[in-house]
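> Okay, here's the structure, questions in a sec.
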Amino acid sequence: MKISVIIPVFNEVDSIQELHDELTRVLLAYKPYEILFIDDGSSDGSVEIINRLSQSDPCINLIKFYRNYGKSAALAEGFKYANGDYIVTMDADMQDDPAEIPNLILKLEEGFDLVSGWKKDRKDPISKRFPSKLFNLVTRLFTGVRIHDFNCGLKIYKKSVVKTLEIYGGRHRYIPALAGQKKFKVTEIVVHHRPRIYGITKYGGSRFFHGLFDLISILFLSKYTQSPLYFFGQIGLFTFLSGLGIEFYVLYLKYGMGEPFAKHMALLMLGVLIIVIGIQFFSIGLVGEMIANSNQDKESRVKGILKS
């Protein structure tokens with residue numbers, strides 16, 4: 001059972017050597033294995049350290065980005081090239097403890113497809129812990145995946161999981177949720193989290209808002225990709241009926257109260273505008289249904305070719 005360890009790296013020159021030493025001590029019991037360092041545009045000499053290590057350790061592979069694309073892009077590239085049956089992901093800053101890998105493997109072999117680490121005793125300042133708790137609470141409520149720590153860097157996956165996930169933008173924060181949507185078995189275990197010794201945190205306040213938008217995108221795509229008319233049709237129906245109600249109210253004012261149309265022309269035009277908007281939402285939903293149906297037909301044809 002080959003193991004691949006994927007480590008995104010962005011300006012972590014001080015920790016790479018020590019991380020490699022700890023990793024190899026743990027992984028010696030799990031040969032064959034590979035370590036994939038994904039350099040995300042580092043400018044501090046991280047690449048040179050990794051190249052030097054690879055000269056003495058044939059298990060190391062380096063994928064280098066020419067600029068910083070973000071953690072999602074790094075993980076996606078690692079998933080693409082990983083050859084292991086089990087794939088471990090971890091951060092390069094030494095806060096994730098490589099000694100937890102055997103525990104992750106044991107839990108995975110209980111029949112799960114993805115095991116996420118839970119930094120229950122997190123060694124970070126409150127400025128990171130509080131937004132993280134809020135983020136995890138909201139994600140847990142809306143996705144239905146019952147784990148405490150979605151964004152822990154330390155995770156283990158079966159190969160079938162990473163080869164089906166589409167990770168881009170900021171979606172690395174929602175990997176357990178994405179796996180859960182695809183009906184993979186997801187769980188978590190408490191892992192040892194260490195205080196930061198090397199480098200500086202890459203955390204920024206804007207990440208919270210980016211994460212919120214990514215969550216909305218994931219929820220929408222998971223629920224309405226196959227039936228977009230359900231989403232746009234509901235909005236269109238509500239809007240259309242609201243506009244129609246305004247028009248009936250204007251007619252009541254005209255013929256029931258005897259007031260002239262000119263007095264309520266603005267309200268009349270507002271009703272017409274809302275009705276048109278409702279029709280447009282219906283149209284968007286119908287176009288979406290046509291696109292979804294076309295994609296399903298293409299998938300069916302491809303499956304038919306593969307089966308034959």
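In the structure tokens, chains take letters A, B, ... by order of appearance, with residues numbered from 1 within each chain and ligands from 1 in the order shown.
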Pick out the residues sitting within 8 Å of Leu237 (chain A), and hand them over as a PyMOL selection string; count only C-alpha atoms, and ignore anything fewer than 3 positions along from it in its own chain.
chain A and resi 233-234+240-241+278+282
> Can you list, as a PyMOL selection string, every protein, DNA or RNA residue that comes within 12 Å of Asn61 (chain A) when you count only C-alpha atoms, leaving out same-chain residues fewer than 6 positions away?
chain A and resi 4-7+33-39+47+50-55+78+81-83
> Excluding Asp149 (chain A) and any residue of its chain fewer than 3 positions from it, enumerate the residues within 8 Å of it, using only C-alpha atoms, and give them as a PyMOL selection string.
chain A and resi 116-119+136+152
> Residues of region 1-218 of chain A classed as strand (DSSP E or B) by DSSP on the backbone are to be reported as a PyMOL selection string.
chain A and resi 3-9+33-40+60-65+86-89+96+114-118+155-158+186-190+193
> Can you check which residues of region 64-300 of chain A DSSP gives as helix (DSSP H, G or I) on the backbone and send them as a ChimeraX atom specification?
/A:71-81,98-108,126-143,159-162,171-181,206-224,228-256,261-300
> If you count only C-alpha atoms, which residues fall within 10 Å of Leu23 (chain A), apart from same-chain ones fewer than 4 positions away, as a list in words?
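That gives Val5, Gln17, Glu18, Leu19, Leu27, Leu28, Ile35, Asp97, Pro98, Ala99 and Ile101 of chain A.
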> What would the file look like if the residues just selected were written as a PDB file, in the first residue's frame with N, CA and C atoms?

```pdb
ATOM      1  N   VAL A   5       2.631  11.707   0.347  1.00  0.00           N
ATOM      2  CA  VAL A   5       2.475  12.846   1.258  1.00  0.00           C
ATOM      3  C   VAL A   5       2.622  14.119   0.429  1.00  0.00           C
ATOM      4  N   GLN A  17      13.804  21.263   6.210  1.00  0.00           N
ATOM      5  CA  GLN A  17      14.758  20.228   6.602  1.00  0.00           C
ATOM      6  C   GLN A  17      14.238  19.433   7.793  1.00  0.00           C
ATOM      7  N   GLU A  18      13.783  20.118   8.818  1.00  0.00           N
ATOM      8  CA  GLU A  18      13.287  19.434  10.013  1.00  0.00           C
ATOM      9  C   GLU A  18      12.032  18.622   9.707  1.00  0.00           C
ATOM     10  N   LEU A  19      11.158  19.180   8.883  1.00  0.00           N
ATOM     11  CA  LEU A  19       9.950  18.453   8.501  1.00  0.00           C
ATOM     12  C   LEU A  19      10.313  17.166   7.759  1.00  0.00           C
ATOM     13  N   LEU A  27       7.744   7.530   8.017  1.00  0.00           N
ATOM     14  CA  LEU A  27       7.368   6.826   6.791  1.00  0.00           C
ATOM     15  C   LEU A  27       8.222   5.600   6.502  1.00  0.00           C
ATOM     16  N   LEU A  28       9.338   5.445   7.193  1.00  0.00           N
ATOM     17  CA  LEU A  28      10.176   4.265   6.973  1.00  0.00           C
ATOM     18  C   LEU A  28       9.411   2.968   7.219  1.00  0.00           C
ATOM     19  N   ILE A  35       7.134  11.684  -1.252  1.00  0.00           N
ATOM     20  CA  ILE A  35       6.851  13.003  -0.671  1.00  0.00           C
ATOM     21  C   ILE A  35       6.822  14.009  -1.807  1.00  0.00           C
ATOM     22  N   ASP A  97       1.847  17.597  13.005  1.00  0.00           N
ATOM     23  CA  ASP A  97       2.810  16.631  13.539  1.00  0.00           C
ATOM     24  C   ASP A  97       2.826  15.367  12.675  1.00  0.00           C
ATOM     25  N   PRO A  98       3.944  15.056  12.005  1.00  0.00           N
ATOM     26  CA  PRO A  98       4.012  13.832  11.188  1.00  0.00           C
ATOM     27  C   PRO A  98       3.754  12.562  11.984  1.00  0.00           C
ATOM     28  N   ALA A  99       3.970  12.593  13.292  1.00  0.00           N
ATOM     29  CA  ALA A  99       3.752  11.408  14.119  1.00  0.00           C
ATOM     30  C   ALA A  99       2.282  10.989  14.157  1.00  0.00           C
ATOM     31  N   ILE A 101       0.494  10.522  11.481  1.00  0.00           N
ATOM     32  CA  ILE A 101       0.167   9.794  10.249  1.00  0.00           C
ATOM     33  C   ILE A 101      -0.252   8.345  10.531  1.00  0.00           C
TER      34      ILE A 101
END
```
> So what do you get for CA of Ile87 (chain A) versus CA of Lys2 (chain A), distance-wise?
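Pair CA of Ile87 (chain A) / CA of Lys2 (chain A) returns 8.7 Å.
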> In Å, how far is it from CA of Arg194 (chain A) to CA of Asp96 (chain A)?
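Between CA of Arg194 (chain A) and CA of Asp96 (chain A) the gap is 6.6 Å.
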> Fewer than 2 positions away in the same chain doesn't count, so skip those; otherwise give me all residues within 6 Å of region 243-256 of chain A, counting only C-alpha atoms, as a list of chain:residue names.
A:Phe240, A:Leu241, A:Gly258, A:Glu259, A:Pro260, A:Gly271, A:Ile274, A:Ile275
> Would you mind listing what lies within 10 Å of region 141-145 of chain A as an MDAnalysis selection string, with only C-alpha atoms counted and same-chain residues fewer than 5 positions away left out?
chainID A and resid 136 150 174 176:181 185:187 215:216 218:219 222
> Would you mind exporting N, CA, C and O atoms of the selected residues as a PDB file, in the first residue's frame?

```
ATOM      1  N   ASN A 136     -16.161  26.899  10.956  1.00  0.00           N
ATOM      2  CA  ASN A 136     -16.468  25.472  11.061  1.00  0.00           C
ATOM      3  C   ASN A 136     -17.915  25.230  11.460  1.00  0.00           C
ATOM      4  O   ASN A 136     -18.559  24.297  10.959  1.00  0.00           O
ATOM      5  N   PHE A 150     -12.747  21.646   9.478  1.00  0.00           N
ATOM      6  CA  PHE A 150     -12.713  21.418   8.032  1.00  0.00           C
ATOM      7  C   PHE A 150     -11.373  21.808   7.423  1.00  0.00           C
ATOM      8  O   PHE A 150     -10.929  21.224   6.445  1.00  0.00           O
ATOM      9  N   TYR A 174     -12.910  23.328   2.089  1.00  0.00           N
ATOM     10  CA  TYR A 174     -14.154  22.556   2.126  1.00  0.00           C
ATOM     11  C   TYR A 174     -13.991  21.144   1.576  1.00  0.00           C
ATOM     12  O   TYR A 174     -14.968  20.527   1.167  1.00  0.00           O
ATOM     13  N   PRO A 176     -13.536  18.190   3.031  1.00  0.00           N
ATOM     14  CA  PRO A 176     -14.429  17.190   3.627  1.00  0.00           C
ATOM     15  C   PRO A 176     -15.884  17.349   3.176  1.00  0.00           C
ATOM     16  O   PRO A 176     -16.577  16.348   2.968  1.00  0.00           O
ATOM     17  N   ALA A 177     -16.330  18.605   3.015  1.00  0.00           N
ATOM     18  CA  ALA A 177     -17.698  18.831   2.553  1.00  0.00           C
ATOM     19  C   ALA A 177     -17.877  18.362   1.111  1.00  0.00           C
ATOM     20  O   ALA A 177     -18.891  17.744   0.770  1.00  0.00           O
ATOM     21  N   LEU A 178     -16.895  18.649   0.263  1.00  0.00           N
ATOM     22  CA  LEU A 178     -16.964  18.207  -1.130  1.00  0.00           C
ATOM     23  C   LEU A 178     -16.979  16.684  -1.210  1.00  0.00           C
ATOM     24  O   LEU A 178     -17.716  16.103  -2.014  1.00  0.00           O
ATOM     25  N   ALA A 179     -16.158  16.032  -0.385  1.00  0.00           N
ATOM     26  CA  ALA A 179     -16.140  14.572  -0.369  1.00  0.00           C
ATOM     27  C   ALA A 179     -17.470  14.019   0.149  1.00  0.00           C
ATOM     28  O   ALA A 179     -17.980  13.017  -0.365  1.00  0.00           O
ATOM     29  N   GLY A 180     -18.021  14.679   1.157  1.00  0.00           N
ATOM     30  CA  GLY A 180     -19.311  14.241   1.689  1.00  0.00           C
ATOM     31  C   GLY A 180     -20.423  14.346   0.662  1.00  0.00           C
ATOM     32  O   GLY A 180     -21.312  13.499   0.600  1.00  0.00           O
ATOM     33  N   GLN A 181     -20.390  15.386  -0.166  1.00  0.00           N
ATOM     34  CA  GLN A 181     -21.395  15.549  -1.221  1.00  0.00           C
ATOM     35  C   GLN A 181     -21.328  14.409  -2.235  1.00  0.00           C
ATOM     36  O   GLN A 181     -22.336  14.042  -2.839  1.00  0.00           O
ATOM     37  N   LYS A 185     -17.229   8.424   2.732  1.00  0.00           N
ATOM     38  CA  LYS A 185     -17.334   8.359   4.191  1.00  0.00           C
ATOM     39  C   LYS A 185     -16.250   9.228   4.812  1.00  0.00           C
ATOM     40  O   LYS A 185     -15.058   8.982   4.616  1.00  0.00           O
ATOM     41  N   VAL A 186     -16.681  10.247   5.563  1.00  0.00           N
ATOM     42  CA  VAL A 186     -15.772  11.241   6.126  1.00  0.00           C
ATOM     43  C   VAL A 186     -15.839  11.194   7.646  1.00  0.00           C
ATOM     44  O   VAL A 186     -16.925  11.116   8.226  1.00  0.00           O
ATOM     45  N   THR A 187     -14.689  11.255   8.284  1.00  0.00           N
ATOM     46  CA  THR A 187     -14.645  11.332   9.745  1.00  0.00           C
ATOM     47  C   THR A 187     -13.430  12.160  10.155  1.00  0.00           C
ATOM     48  O   THR A 187     -12.727  12.713   9.301  1.00  0.00           O
ATOM     49  N   LEU A 215     -18.294  28.897   0.073  1.00  0.00           N
ATOM     50  CA  LEU A 215     -19.330  28.043   0.653  1.00  0.00           C
ATOM     51  C   LEU A 215     -20.644  28.197  -0.105  1.00  0.00           C
ATOM     52  O   LEU A 215     -21.314  27.203  -0.420  1.00  0.00           O
ATOM     53  N   ILE A 216     -21.024  29.434  -0.406  1.00  0.00           N
ATOM     54  CA  ILE A 216     -22.255  29.672  -1.169  1.00  0.00           C
ATOM     55  C   ILE A 216     -22.174  28.984  -2.523  1.00  0.00           C
ATOM     56  O   ILE A 216     -23.138  28.346  -2.986  1.00  0.00           O
ATOM     57  N   ILE A 218     -20.347  26.351  -3.374  1.00  0.00           N
ATOM     58  CA  ILE A 218     -20.398  24.898  -3.219  1.00  0.00           C
ATOM     59  C   ILE A 218     -21.819  24.430  -2.941  1.00  0.00           C
ATOM     60  O   ILE A 218     -22.298  23.448  -3.517  1.00  0.00           O
ATOM     61  N   LEU A 219     -22.530  25.132  -2.062  1.00  0.00           N
ATOM     62  CA  LEU A 219     -23.904  24.750  -1.741  1.00  0.00           C
ATOM     63  C   LEU A 219     -24.809  24.862  -2.959  1.00  0.00           C
ATOM     64  O   LEU A 219     -25.648  23.994  -3.214  1.00  0.00           O
ATOM     65  N   SER A 222     -23.870  22.083  -5.572  1.00  0.00           N
ATOM     66  CA  SER A 222     -24.215  20.729  -5.137  1.00  0.00           C
ATOM     67  C   SER A 222     -25.719  20.478  -5.202  1.00  0.00           C
ATOM     68  O   SER A 222     -26.168  19.369  -5.494  1.00  0.00           O
TER      69      SER A 222
END
```
> Work out how far apart CA of Asn68 (chain A) and CA of Ser43 (chain A) are and give it in Å to one decimal.
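So the answer is 9.8 Å.
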> Between A:Lys107, A:Lys183, A:Arg140, A:Lys71, single out the one closest to Gly169 (chain A), counting only C-alpha atoms.
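Among the listed residues, the smallest separation from Gly169 (chain A) belongs to A:Lys71.
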> Using only C-alpha atoms, find the one residue out of A:Gly236, A:Val161, A:Met269, A:Ser242 that sits nearest to Phe281 (chain A).
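Among the listed residues, the smallest separation from Phe281 (chain A) belongs to A:Gly236.
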